[in-house]
Amino acid sequence: MKKNYLLMLVLFVMPLMLGAQVLNIGGHRAPLDQLNHIWLCSVPQSTFGSDFSAQVVYGDELTDLAIDGTAIASGDVFVFDGVAGSRQYTVTAHQGDSLITGAITFTWLPVVELDGNFGNSYRYGTVTVSEPDSVNTEPMQARLKWRGIATNTNNKHKRNYRIKFIADDSTKMNRTFFGLRNDNCWILDAGQMDFLRVRNRVSTDLWLDMARKPWYADSVSSEIHNGSRGQMVEVLLNGNYVGIYNMCEPIDRKQMKIKRFEPKGQVFHGQLWMAYKWTQTVTMSLPESRRPGTKDWDGFEVKYPDPDEIRVVRWTALDDDVWFAKRADENHELLDSMGYHFDIPVMQDYYIFIAALQALDNESKNIFYACYDYQLNNRVTMVPWDLDICLGQNFAPEVNLPEMVKPDQDLSWIMHLPMVNMYENVEEYRNEIIDRYKELRQTVLNTDSLVNRYRSAIDELENSGAAAREEARWSGDTDLAKKALDLSAEMDYVENWIRRRMAYLDEFVFNPNPNPNPGPGPGPDPIKGDVNGDGEVSVADINMLVDIILGGNDNSEGRSDVNGDGEVSLADINEVISIILG
């Protein structure tokens, strides 16, 4: 009773504190960002690029409100001319004796308001989700907490959140957003260490498009989602703008459609675990002994059934698979039993996926393993999670590992992925994975398609005005090691990285006859006399030498010094002529 009274008190006081700071524009809620003195209003994208005629409604706490110098009584219609990203319309008003000055701006991303005092354990608060097509949205009761490991230390500012929506009596309350699932649990992912801010969201969408369905999908449901769906949003915390977030679904039993636990008789069916840190147990190479009754096993954590709810822990399926993988690695027991323990098509897609994106933080860890029904068999399928560290992104803003993240990095870093030897040492599986890679290169892994996927996400942020707000809020913050945040420049870097990465994989990795020098570095020695690097020695190389000698730029990376005398001269032209003449 005391808990519910406290909850109601908190939820009653919050609207009184914040109500005067909210405008209603054409039915769309516009909360005040007190940090920047801007009312942020989510409207349909079709509103942008034209004039927006909307009724402006506000509470009795405000008086003398004017927009761009025009007095507006509550209920009046105002024409916002030429709505565009970051376009601002000045506002003045009085709240009591205090003068309020600020501006109204529009976005087509959803706007999420979090109100409450949050920390590492669940606390009561309210969440308001204003979608661009929705009107008259209201705060919803919820319990929230911070989430994350490296992103959740004492010195961090842009926090990740887990949200559990509740009803008046504190019981679960399901909510649906963005046309996604109807559930009480949602996640706000800050992209705190990502200089592109959308790596996780867009990469997860890529996985959802490229990965084959889990092995049991055809017999269970077409609605299996072996990845987290979501939407980029803009977030205010207690009235202060905290930037763009990925509001997404968690990975759980509902997403994976695994079979329910039977409380009566405590019969285990579907099971779900997460690998959250690198260990030899997680790599399935040298598993530690497991203590009975614990929900953690040296880097693995039980996710379903939840031990805190059922008071029982069962590791049986994953335990069998981990020890099989260890034996298989030692004794090469691969062909006969692999498909019983692991979802091979999904594992192949996962290998290609993290290799293409160079997802360094998803090799062995940040993986969910799901077993549909242990009573049927042990087979587990894989789901990636937390894809911030990919596409040339370092592990943290203060870390600088250029060799590790360069696009022509080989795959030695994947050496600990469970069952990775299957791809490298068994010809049948290697051929399968090469064929699958080539198939994907024609569709979702086409280079231009990949680039456009990420660039479209950045265009969305820039054109809605969200990118500028994010950069202004977080550039120079210690979360980013005081570095500048420039989404456009980072996207240019990512495009260059993707183009070089896919070319490298085509030639040196997913190739039945790879170049004998596939490791990091310049690759095979250049052909003597091939000054322009086109793979042959011809008159074109003589023309390039003439241009260099006459003062043109030398972009040959040293190939122009054909005779090796330390300078580029007529002697090098003569050397090329001799090579051509044989």
# chains A, B, ... in the order shown; residues from 1 in each chain; ligands from 1

call {"tool": "residues_around", "arguments": {"residues": "His269 (chain A)", "least_positions_apart": "2", "cutoff": "9 Å", "atoms": "only C-alpha atoms", "output": "PDB file with C-alpha atoms, in the first residue's frame"}}
result
ATOM      1  CA  ILE A 258      10.493 -20.461 -28.038  1.00  0.00           C
ATOM      2  CA  LYS A 259       8.223 -22.843 -26.170  1.00  0.00           C
ATOM      3  CA  ARG A 260       6.978 -21.761 -22.745  1.00  0.00           C
ATOM      4  CA  PHE A 261       8.090 -23.156 -19.416  1.00  0.00           C
ATOM      5  CA  GLU A 262       5.399 -25.244 -17.688  1.00  0.00           C
ATOM      6  CA  VAL A 267       8.874 -28.710 -17.125  1.00  0.00           C
ATOM      7  CA  GLN A 271      15.565 -21.697 -23.086  1.00  0.00           C
ATOM      8  CA  CYS A 371      16.829 -23.348 -27.783  1.00  0.00           C
ATOM      9  CA  TYR A 372      13.280 -23.832 -29.058  1.00  0.00           C
ATOM     10  CA  ASP A 373      12.409 -26.893 -26.934  1.00  0.00           C
ATOM     11  CA  TYR A 374      14.895 -28.961 -25.010  1.00  0.00           C
ATOM     12  CA  GLN A 375      12.362 -31.808 -24.917  1.00  0.00           C
ATOM     13  CA  LEU A 376      12.690 -31.941 -28.734  1.00  0.00           C
TER      14      LEU A 376
END

call {"tool": "residues_around", "arguments": {"residues": "Gly26 (chain A)", "least_positions_apart": "2", "cutoff": "8 Å", "atoms": "only C-alpha atoms", "output": "PyMOL selection string"}}
result
chain A and resi 24+28+53-56

call {"tool": "select_by_dssp", "arguments": {"residues": "region 295-452 of chain A", "states": "strand (DSSP E or B)", "output": "NGL selection string"}}
result
:A and (296-297 or 300-304 or 342 or 367-371 or 380-384)

call {"tool": "closest_residue", "arguments": {"among": "A:Pro418, A:Pro139, A:Pro397, A:Pro292", "to": "Leu480 (chain A)", "atoms": "only C-alpha atoms"}}
result
A:Pro397

call {"tool": "closest_residue", "arguments": {"among": "A:Arg436, A:Ala503, A:Thr90, A:Leu40", "to": "Glu234 (chain A)", "atoms": "only C-alpha atoms"}}
result
A:Leu40

call {"tool": "residues_around", "arguments": {"residues": "Gly465 (chain A)", "least_positions_apart": "2", "cutoff": "7 Å", "atoms": "only C-alpha atoms", "output": "VMD selection string"}}
result
chain A and resid 85 to 86 107 461 to 463 467 to 469

call {"tool": "residues_around", "arguments": {"residues": "Asp321 (chain A)", "least_positions_apart": "5", "cutoff": "9 Å", "atoms": "only C-alpha atoms", "output": "PyMOL selection string"}}
result
chain A and resi 284+316+326+341-342+378-380

call {"tool": "closest_residue", "arguments": {"among": "A:Leu440, A:Met210, A:Ile414, A:Val405", "to": "Thr283 (chain A)", "atoms": "only C-alpha atoms"}}
result
A:Ile414

call {"tool": "residues_around", "arguments": {"residues": "region 565-577 of chain A", "least_positions_apart": "5", "cutoff": "7 Å", "atoms": "only C-alpha atoms", "output": "MDAnalysis selection string"}}
result
chainID A and resid 529 542 545 549 560

call {"tool": "atom_distance", "arguments": {"atom1": "CA of Leu360 (chain A)", "atom2": "CA of Asn431 (chain A)"}}
result
24.2 Å

call {"tool": "residues_around", "arguments": {"residues": "Phe177 (chain A)", "least_positions_apart": "4", "cutoff": "12 Å", "atoms": "only C-alpha atoms", "output": "list in words"}}
result
Pro110, Val111, Val112, Thr128, Val129, Ser130, Glu131, Pro132, Asp133, Ser134, Arg181, Asn182, Asp183, Asn184, Cys185, Trp186, Ile187, Arg229, Gly230, Gln231, Met232, Val233, Met247, Cys248 and Glu249 of chain A

call {"tool": "atom_distance", "arguments": {"atom1": "CA of Phe508 (chain A)", "atom2": "CA of Asp410 (chain A)"}}
result
8.4 Å

call {"tool": "closest_residue", "arguments": {"among": "A:Thr447, A:Ser203, A:Thr92, A:Asn553", "to": "Arg501 (chain A)", "atoms": "only C-alpha atoms"}}
result
A:Thr447
